[in-house]
Amino acid sequence: MGSYVNTFVQVATDCPVHMGIVPLEKKESKTAHRIQYELLSQHPYAFTQQELIYKVYLLHKQIPKNEIAARGDEIWQELFERNHPCLRASMLPKKYGWGVHYDKEGKIAIYAMESEEYQQFMDAGKSKEEGLQLVYAMRSTRG
């Protein structure tokens with residue numbers, strides 16, 4: 001599974017919000033995109049895409065720490081036997097107004113669309129500064 005490096009994922013062109021908002025929790029357990037938000041906002045540039053997918057999976061499925069300790073590698077192998085969408089398909093840039101930055105090592109951080117940092121990434125990408133690539137998040141609607 002490939003991952004982006006030195007890339008900024010802009011919010012989707014049909015993103016319904018005008019500023020970054022925290023994903024709401026809908027039930028007792030947290031949604032996957034809420035877990036993504038919490039991990040990326042509290043630990044910027046701590047995770048690659050695969051590491052993030054794995055950590056979100058463990059938390060979302062509420063897998064106990066003792067099971068992770070005993071079967072962590074096996075869980076990883078099983079999880080990545082199938083493909084997973086990149087963060088261009090995440091609800092964070094599609095619906096909640098968060099840009100996603102992959103640094104040169106593929107580590108990820110998020111930035112609210114109204115933030116100065118978001119605009120700096122946009123400017124850097126448009127000027128091809130340091131080879132930063134700009135891509136849009138996937139649209140929610142066809143068109």
# chains A, B, ... in the order shown; residues from 1 in each chain; ligands from 1
>>> residues_around(residues="range 58-73 of chain A", least_positions_apart="2", cutoff="8 Å", atoms="only C-alpha atoms", output="number ranges by chain")
A: 29-32, 35, 54-56, 75-77
>>> write_last_selection(atoms="all heavy atoms", output="mmCIF file, in the first residue's frame")
data_model
loop_
_atom_site.group_PDB
_atom_site.id
_atom_site.type_symbol
_atom_site.label_atom_id
_atom_site.label_comp_id
_atom_site.auth_asym_id
_atom_site.auth_seq_id
_atom_site.Cartn_x
_atom_site.Cartn_y
_atom_site.Cartn_z
ATOM 1 N N SER A 29 -19.522 4.420 21.256
ATOM 2 C CA SER A 29 -18.132 4.305 20.799
ATOM 3 C C SER A 29 -17.848 5.384 19.761
ATOM 4 O O SER A 29 -18.740 5.838 19.048
ATOM 5 C CB SER A 29 -17.875 2.918 20.212
ATOM 6 O OG SER A 29 -18.673 2.698 19.079
ATOM 7 N N LYS A 30 -16.585 5.764 19.668
ATOM 8 C CA LYS A 30 -16.195 6.825 18.746
ATOM 9 C C LYS A 30 -16.199 6.327 17.310
ATOM 10 O O LYS A 30 -15.873 5.179 17.044
ATOM 11 C CB LYS A 30 -14.795 7.330 19.098
ATOM 12 C CG LYS A 30 -14.741 8.029 20.432
ATOM 13 C CD LYS A 30 -13.342 8.463 20.763
ATOM 14 C CE LYS A 30 -13.338 9.133 22.130
ATOM 15 N NZ LYS A 30 -11.999 9.473 22.558
ATOM 16 N N THR A 31 -16.522 7.233 16.396
ATOM 17 C CA THR A 31 -16.457 6.898 14.972
ATOM 18 C C THR A 31 -14.995 6.865 14.547
ATOM 19 O O THR A 31 -14.128 7.466 15.184
ATOM 20 C CB THR A 31 -17.195 7.954 14.126
ATOM 21 O OG1 THR A 31 -16.563 9.222 14.331
ATOM 22 C CG2 THR A 31 -18.677 8.044 14.478
ATOM 23 N N ALA A 32 -14.714 6.180 13.441
ATOM 24 C CA ALA A 32 -13.340 6.082 12.945
ATOM 25 C C ALA A 32 -12.781 7.473 12.625
ATOM 26 O O ALA A 32 -11.623 7.769 12.935
ATOM 27 C CB ALA A 32 -13.275 5.169 11.721
ATOM 28 N N ILE A 35 -11.759 9.251 15.762
ATOM 29 C CA ILE A 35 -10.485 8.720 16.255
ATOM 30 C C ILE A 35 -9.334 9.268 15.414
ATOM 31 O O ILE A 35 -8.306 9.680 15.962
ATOM 32 C CB ILE A 35 -10.499 7.177 16.259
ATOM 33 C CG1 ILE A 35 -11.570 6.656 17.239
ATOM 34 C CG2 ILE A 35 -9.121 6.627 16.626
ATOM 35 C CD1 ILE A 35 -11.864 5.172 17.116
ATOM 36 N N TYR A 54 -3.808 1.413 11.347
ATOM 37 C CA TYR A 54 -3.688 0.365 12.363
ATOM 38 C C TYR A 54 -4.188 0.861 13.722
ATOM 39 O O TYR A 54 -5.007 0.200 14.371
ATOM 40 C CB TYR A 54 -2.225 -0.077 12.445
ATOM 41 C CG TYR A 54 -1.929 -1.139 13.470
ATOM 42 C CD1 TYR A 54 -2.402 -2.441 13.325
ATOM 43 C CD2 TYR A 54 -1.138 -0.856 14.580
ATOM 44 C CE1 TYR A 54 -2.106 -3.427 14.259
ATOM 45 C CE2 TYR A 54 -0.837 -1.834 15.515
ATOM 46 C CZ TYR A 54 -1.326 -3.116 15.352
ATOM 47 O OH TYR A 54 -1.035 -4.084 16.271
ATOM 48 N N LYS A 55 -3.723 2.033 14.135
ATOM 49 C CA LYS A 55 -4.103 2.575 15.444
ATOM 50 C C LYS A 55 -5.607 2.866 15.496
ATOM 51 O O LYS A 55 -6.269 2.559 16.496
ATOM 52 C CB LYS A 55 -3.288 3.844 15.720
ATOM 53 C CG LYS A 55 -3.467 4.414 17.089
ATOM 54 C CD LYS A 55 -2.714 3.627 18.119
ATOM 55 C CE LYS A 55 -2.731 4.344 19.459
ATOM 56 N NZ LYS A 55 -2.306 3.482 20.543
ATOM 57 N N VAL A 56 -6.157 3.428 14.421
ATOM 58 C CA VAL A 56 -7.601 3.698 14.378
ATOM 59 C C VAL A 56 -8.368 2.380 14.480
ATOM 60 O O VAL A 56 -9.354 2.274 15.212
ATOM 61 C CB VAL A 56 -7.991 4.478 13.095
ATOM 62 C CG1 VAL A 56 -9.505 4.509 12.912
ATOM 63 C CG2 VAL A 56 -7.437 5.891 13.145
ATOM 64 N N ILE A 75 -2.387 -9.088 13.954
ATOM 65 C CA ILE A 75 -3.483 -8.158 13.648
ATOM 66 C C ILE A 75 -3.065 -7.247 12.497
ATOM 67 O O ILE A 75 -3.836 -7.014 11.570
ATOM 68 C CB ILE A 75 -3.875 -7.341 14.901
ATOM 69 C CG1 ILE A 75 -4.475 -8.257 15.970
ATOM 70 C CG2 ILE A 75 -4.853 -6.228 14.535
ATOM 71 C CD1 ILE A 75 -4.621 -7.607 17.347
ATOM 72 N N TRP A 76 -1.828 -6.736 12.548
ATOM 73 C CA TRP A 76 -1.295 -5.878 11.481
ATOM 74 C C TRP A 76 -1.358 -6.619 10.146
ATOM 75 O O TRP A 76 -1.846 -6.080 9.147
ATOM 76 C CB TRP A 76 0.133 -5.458 11.822
ATOM 77 C CG TRP A 76 0.815 -4.623 10.777
ATOM 78 C CD1 TRP A 76 1.339 -5.068 9.592
ATOM 79 C CD2 TRP A 76 1.040 -3.213 10.784
ATOM 80 N NE1 TRP A 76 1.890 -4.026 8.880
ATOM 81 C CE2 TRP A 76 1.718 -2.877 9.597
ATOM 82 C CE3 TRP A 76 0.750 -2.211 11.699
ATOM 83 C CZ2 TRP A 76 2.101 -1.577 9.297
ATOM 84 C CZ3 TRP A 76 1.141 -0.920 11.391
ATOM 85 C CH2 TRP A 76 1.806 -0.601 10.202
ATOM 86 N N GLN A 77 -0.835 -7.841 10.123
ATOM 87 C CA GLN A 77 -0.793 -8.631 8.882
ATOM 88 C C GLN A 77 -2.198 -8.849 8.325
ATOM 89 O O GLN A 77 -2.442 -8.676 7.130
ATOM 90 C CB GLN A 77 -0.115 -9.992 9.120
ATOM 91 C CG GLN A 77 1.358 -9.900 9.437
ATOM 92 C CD GLN A 77 2.172 -9.245 8.326
ATOM 93 O OE1 GLN A 77 1.914 -9.446 7.148
ATOM 94 N NE2 GLN A 77 3.154 -8.451 8.705
#
>>> closest_residue(among="A:Glu38, A:Arg139, A:Thr13, A:Ala89", to="Glu25 in chain A", atoms="only C-alpha atoms")
A:Glu38
>>> residues_around(residues="range 101-118 of chain A", least_positions_apart="4", cutoff="7 Å", atoms="only C-alpha atoms", output="list in words")
Ser3, Tyr4, Val5, Asn6, Thr7, Phe8, Val9, Met19, Gly20, Leu40, Ser41, Pro44, Tyr45, Ala46, Phe47, Thr48, Gly97 and Met122 of chain A
>>> closest_residue(among="A:His18, A:Thr141, A:Val135, A:Leu52", to="Arg88 in chain A", atoms="only C-alpha atoms")
A:Val135
>>> decode(residues="range 80-126 of chain A", atoms="N, CA and C atoms", output="PDB file, in the first residue's frame")
ATOM      1  N   PHE A  80      -3.717  -5.573   6.860  1.00  0.00           N
ATOM      2  CA  PHE A  80      -3.165  -5.090   5.599  1.00  0.00           C
ATOM      3  C   PHE A  80      -3.132  -6.147   4.491  1.00  0.00           C
ATOM      4  N   GLU A  81      -3.840  -7.254   4.725  1.00  0.00           N
ATOM      5  CA  GLU A  81      -4.046  -8.215   3.636  1.00  0.00           C
ATOM      6  C   GLU A  81      -4.983  -7.620   2.588  1.00  0.00           C
ATOM      7  N   ARG A  82      -5.772  -6.645   3.019  1.00  0.00           N
ATOM      8  CA  ARG A  82      -6.664  -5.960   2.074  1.00  0.00           C
ATOM      9  C   ARG A  82      -6.252  -4.489   1.991  1.00  0.00           C
ATOM     10  N   ASN A  83      -6.654  -3.860   0.902  1.00  0.00           N
ATOM     11  CA  ASN A  83      -6.314  -2.448   0.693  1.00  0.00           C
ATOM     12  C   ASN A  83      -7.197  -1.544   1.542  1.00  0.00           C
ATOM     13  N   HIS A  84      -6.670  -0.376   1.832  1.00  0.00           N
ATOM     14  CA  HIS A  84      -7.398   0.631   2.604  1.00  0.00           C
ATOM     15  C   HIS A  84      -7.311   1.952   1.860  1.00  0.00           C
ATOM     16  N   PRO A  85      -8.383   2.732   1.879  1.00  0.00           N
ATOM     17  CA  PRO A  85      -8.341   4.021   1.185  1.00  0.00           C
ATOM     18  C   PRO A  85      -7.379   4.979   1.880  1.00  0.00           C
ATOM     19  N   CYS A  86      -6.801   5.872   1.083  1.00  0.00           N
ATOM     20  CA  CYS A  86      -5.911   6.882   1.644  1.00  0.00           C
ATOM     21  C   CYS A  86      -6.750   7.974   2.311  1.00  0.00           C
ATOM     22  N   LEU A  87      -6.084   8.926   2.908  1.00  0.00           N
ATOM     23  CA  LEU A  87      -6.811   9.979   3.620  1.00  0.00           C
ATOM     24  C   LEU A  87      -7.527  10.955   2.692  1.00  0.00           C
ATOM     25  N   ARG A  88      -7.316  10.839   1.381  1.00  0.00           N
ATOM     26  CA  ARG A  88      -8.127  11.644   0.452  1.00  0.00           C
ATOM     27  C   ARG A  88      -9.595  11.226   0.555  1.00  0.00           C
ATOM     28  N   ALA A  89      -9.836  10.003   1.010  1.00  0.00           N
ATOM     29  CA  ALA A  89     -11.204   9.498   1.143  1.00  0.00           C
ATOM     30  C   ALA A  89     -11.744   9.662   2.565  1.00  0.00           C
ATOM     31  N   SER A  90     -10.936  10.201   3.471  1.00  0.00           N
ATOM     32  CA  SER A  90     -11.357  10.382   4.857  1.00  0.00           C
ATOM     33  C   SER A  90     -12.422  11.476   4.956  1.00  0.00           C
ATOM     34  N   MET A  91     -13.273  11.347   5.941  1.00  0.00           N
ATOM     35  CA  MET A  91     -14.280  12.383   6.198  1.00  0.00           C
ATOM     36  C   MET A  91     -13.643  13.682   6.689  1.00  0.00           C
ATOM     37  N   LEU A  92     -12.408  13.616   7.200  1.00  0.00           N
ATOM     38  CA  LEU A  92     -11.784  14.856   7.693  1.00  0.00           C
ATOM     39  C   LEU A  92     -11.662  15.898   6.583  1.00  0.00           C
ATOM     40  N   PRO A  93     -11.059  15.573   5.418  1.00  0.00           N
ATOM     41  CA  PRO A  93     -11.013  16.584   4.355  1.00  0.00           C
ATOM     42  C   PRO A  93     -12.271  16.619   3.489  1.00  0.00           C
ATOM     43  N   LYS A  94     -13.078  15.581   3.514  1.00  0.00           N
ATOM     44  CA  LYS A  94     -14.278  15.559   2.669  1.00  0.00           C
ATOM     45  C   LYS A  94     -15.428  16.344   3.293  1.00  0.00           C
ATOM     46  N   LYS A  95     -15.604  16.217   4.603  1.00  0.00           N
ATOM     47  CA  LYS A  95     -16.801  16.747   5.253  1.00  0.00           C
ATOM     48  C   LYS A  95     -16.520  17.730   6.388  1.00  0.00           C
ATOM     49  N   TYR A  96     -15.361  17.570   7.050  1.00  0.00           N
ATOM     50  CA  TYR A  96     -15.132  18.327   8.274  1.00  0.00           C
ATOM     51  C   TYR A  96     -14.156  19.495   8.149  1.00  0.00           C
ATOM     52  N   GLY A  97     -13.595  19.735   6.959  1.00  0.00           N
ATOM     53  CA  GLY A  97     -12.800  20.940   6.736  1.00  0.00           C
ATOM     54  C   GLY A  97     -11.347  20.880   7.187  1.00  0.00           C
ATOM     55  N   TRP A  98     -10.746  19.695   7.162  1.00  0.00           N
ATOM     56  CA  TRP A  98      -9.353  19.540   7.576  1.00  0.00           C
ATOM     57  C   TRP A  98      -8.471  19.168   6.398  1.00  0.00           C
ATOM     58  N   GLY A  99      -7.424  19.952   6.170  1.00  0.00           N
ATOM     59  CA  GLY A  99      -6.405  19.593   5.195  1.00  0.00           C
ATOM     60  C   GLY A  99      -5.457  18.594   5.836  1.00  0.00           C
ATOM     61  N   VAL A 100      -4.887  17.717   5.024  1.00  0.00           N
ATOM     62  CA  VAL A 100      -4.015  16.663   5.527  1.00  0.00           C
ATOM     63  C   VAL A 100      -2.628  16.828   4.898  1.00  0.00           C
ATOM     64  N   HIS A 101      -1.629  16.999   5.740  1.00  0.00           N
ATOM     65  CA  HIS A 101      -0.260  17.142   5.231  1.00  0.00           C
ATOM     66  C   HIS A 101       0.542  15.874   5.502  1.00  0.00           C
ATOM     67  N   TYR A 102       1.143  15.347   4.440  1.00  0.00           N
ATOM     68  CA  TYR A 102       2.110  14.252   4.546  1.00  0.00           C
ATOM     69  C   TYR A 102       3.485  14.884   4.389  1.00  0.00           C
ATOM     70  N   ASP A 103       4.354  14.729   5.382  1.00  0.00           N
ATOM     71  CA  ASP A 103       5.682  15.322   5.274  1.00  0.00           C
ATOM     72  C   ASP A 103       6.592  14.446   4.398  1.00  0.00           C
ATOM     73  N   LYS A 104       7.870  14.786   4.355  1.00  0.00           N
ATOM     74  CA  LYS A 104       8.810  14.068   3.483  1.00  0.00           C
ATOM     75  C   LYS A 104       8.987  12.606   3.872  1.00  0.00           C
ATOM     76  N   GLU A 105       8.633  12.258   5.111  1.00  0.00           N
ATOM     77  CA  GLU A 105       8.727  10.873   5.570  1.00  0.00           C
ATOM     78  C   GLU A 105       7.371  10.170   5.530  1.00  0.00           C
ATOM     79  N   GLY A 106       6.336  10.870   5.045  1.00  0.00           N
ATOM     80  CA  GLY A 106       5.006  10.278   5.005  1.00  0.00           C
ATOM     81  C   GLY A 106       4.253  10.367   6.313  1.00  0.00           C
ATOM     82  N   LYS A 107       4.779  11.125   7.277  1.00  0.00           N
ATOM     83  CA  LYS A 107       4.079  11.327   8.556  1.00  0.00           C
ATOM     84  C   LYS A 107       3.008  12.400   8.354  1.00  0.00           C
ATOM     85  N   ILE A 108       1.921  12.279   9.098  1.00  0.00           N
ATOM     86  CA  ILE A 108       0.703  13.037   8.816  1.00  0.00           C
ATOM     87  C   ILE A 108       0.331  14.018   9.930  1.00  0.00           C
ATOM     88  N   ALA A 109      -0.159  15.186   9.512  1.00  0.00           N
ATOM     89  CA  ALA A 109      -0.764  16.155  10.432  1.00  0.00           C
ATOM     90  C   ALA A 109      -1.965  16.771   9.715  1.00  0.00           C
ATOM     91  N   ILE A 110      -2.893  17.314  10.494  1.00  0.00           N
ATOM     92  CA  ILE A 110      -4.079  17.958   9.905  1.00  0.00           C
ATOM     93  C   ILE A 110      -4.096  19.441  10.265  1.00  0.00           C
ATOM     94  N   TYR A 111      -4.707  20.219   9.359  1.00  0.00           N
ATOM     95  CA  TYR A 111      -4.800  21.673   9.529  1.00  0.00           C
ATOM     96  C   TYR A 111      -6.198  22.135   9.119  1.00  0.00           C
ATOM     97  N   ALA A 112      -6.799  22.940   9.980  1.00  0.00           N
ATOM     98  CA  ALA A 112      -8.125  23.484   9.680  1.00  0.00           C
ATOM     99  C   ALA A 112      -8.049  24.361   8.442  1.00  0.00           C
ATOM    100  N   MET A 113      -9.069  24.289   7.608  1.00  0.00           N
ATOM    101  CA  MET A 113      -9.056  25.000   6.328  1.00  0.00           C
ATOM    102  C   MET A 113      -8.967  26.518   6.472  1.00  0.00           C
ATOM    103  N   GLU A 114      -9.341  27.059   7.623  1.00  0.00           N
ATOM    104  CA  GLU A 114      -9.273  28.512   7.811  1.00  0.00           C
ATOM    105  C   GLU A 114      -7.941  28.944   8.436  1.00  0.00           C
ATOM    106  N   SER A 115      -7.070  27.989   8.731  1.00  0.00           N
ATOM    107  CA  SER A 115      -5.828  28.317   9.443  1.00  0.00           C
ATOM    108  C   SER A 115      -4.771  28.919   8.524  1.00  0.00           C
ATOM    109  N   GLU A 116      -3.855  29.643   9.154  1.00  0.00           N
ATOM    110  CA  GLU A 116      -2.739  30.234   8.426  1.00  0.00           C
ATOM    111  C   GLU A 116      -1.853  29.135   7.828  1.00  0.00           C
ATOM    112  N   GLU A 117      -1.662  28.043   8.572  1.00  0.00           N
ATOM    113  CA  GLU A 117      -0.833  26.931   8.085  1.00  0.00           C
ATOM    114  C   GLU A 117      -1.423  26.310   6.824  1.00  0.00           C
ATOM    115  N   TYR A 118      -2.742  26.150   6.800  1.00  0.00           N
ATOM    116  CA  TYR A 118      -3.412  25.591   5.613  1.00  0.00           C
ATOM    117  C   TYR A 118      -3.093  26.463   4.402  1.00  0.00           C
ATOM    118  N   GLN A 119      -3.222  27.770   4.570  1.00  0.00           N
ATOM    119  CA  GLN A 119      -2.951  28.702   3.467  1.00  0.00           C
ATOM    120  C   GLN A 119      -1.482  28.645   3.052  1.00  0.00           C
ATOM    121  N   GLN A 120      -0.588  28.475   4.008  1.00  0.00           N
ATOM    122  CA  GLN A 120       0.834  28.366   3.692  1.00  0.00           C
ATOM    123  C   GLN A 120       1.112  27.119   2.839  1.00  0.00           C
ATOM    124  N   PHE A 121       0.464  26.014   3.161  1.00  0.00           N
ATOM    125  CA  PHE A 121       0.622  24.809   2.344  1.00  0.00           C
ATOM    126  C   PHE A 121       0.071  25.033   0.938  1.00  0.00           C
ATOM    127  N   MET A 122      -1.055  25.718   0.853  1.00  0.00           N
ATOM    128  CA  MET A 122      -1.651  26.003  -0.456  1.00  0.00           C
ATOM    129  C   MET A 122      -0.691  26.852  -1.291  1.00  0.00           C
ATOM    130  N   ASP A 123      -0.153  27.905  -0.684  1.00  0.00           N
ATOM    131  CA  ASP A 123       0.777  28.790  -1.390  1.00  0.00           C
ATOM    132  C   ASP A 123       2.034  28.035  -1.817  1.00  0.00           C
ATOM    133  N   ALA A 124       2.577  27.218  -0.906  1.00  0.00           N
ATOM    134  CA  ALA A 124       3.795  26.454  -1.206  1.00  0.00           C
ATOM    135  C   ALA A 124       3.536  25.480  -2.353  1.00  0.00           C
ATOM    136  N   GLY A 125       2.376  24.842  -2.344  1.00  0.00           N
ATOM    137  CA  GLY A 125       2.045  23.891  -3.403  1.00  0.00           C
ATOM    138  C   GLY A 125       1.863  24.563  -4.745  1.00  0.00           C
ATOM    139  N   LYS A 126       1.221  25.713  -4.739  1.00  0.00           N
ATOM    140  CA  LYS A 126       0.991  26.441  -5.994  1.00  0.00           C
ATOM    141  C   LYS A 126       2.292  26.957  -6.592  1.00  0.00           C
TER     142      LYS A 126
END
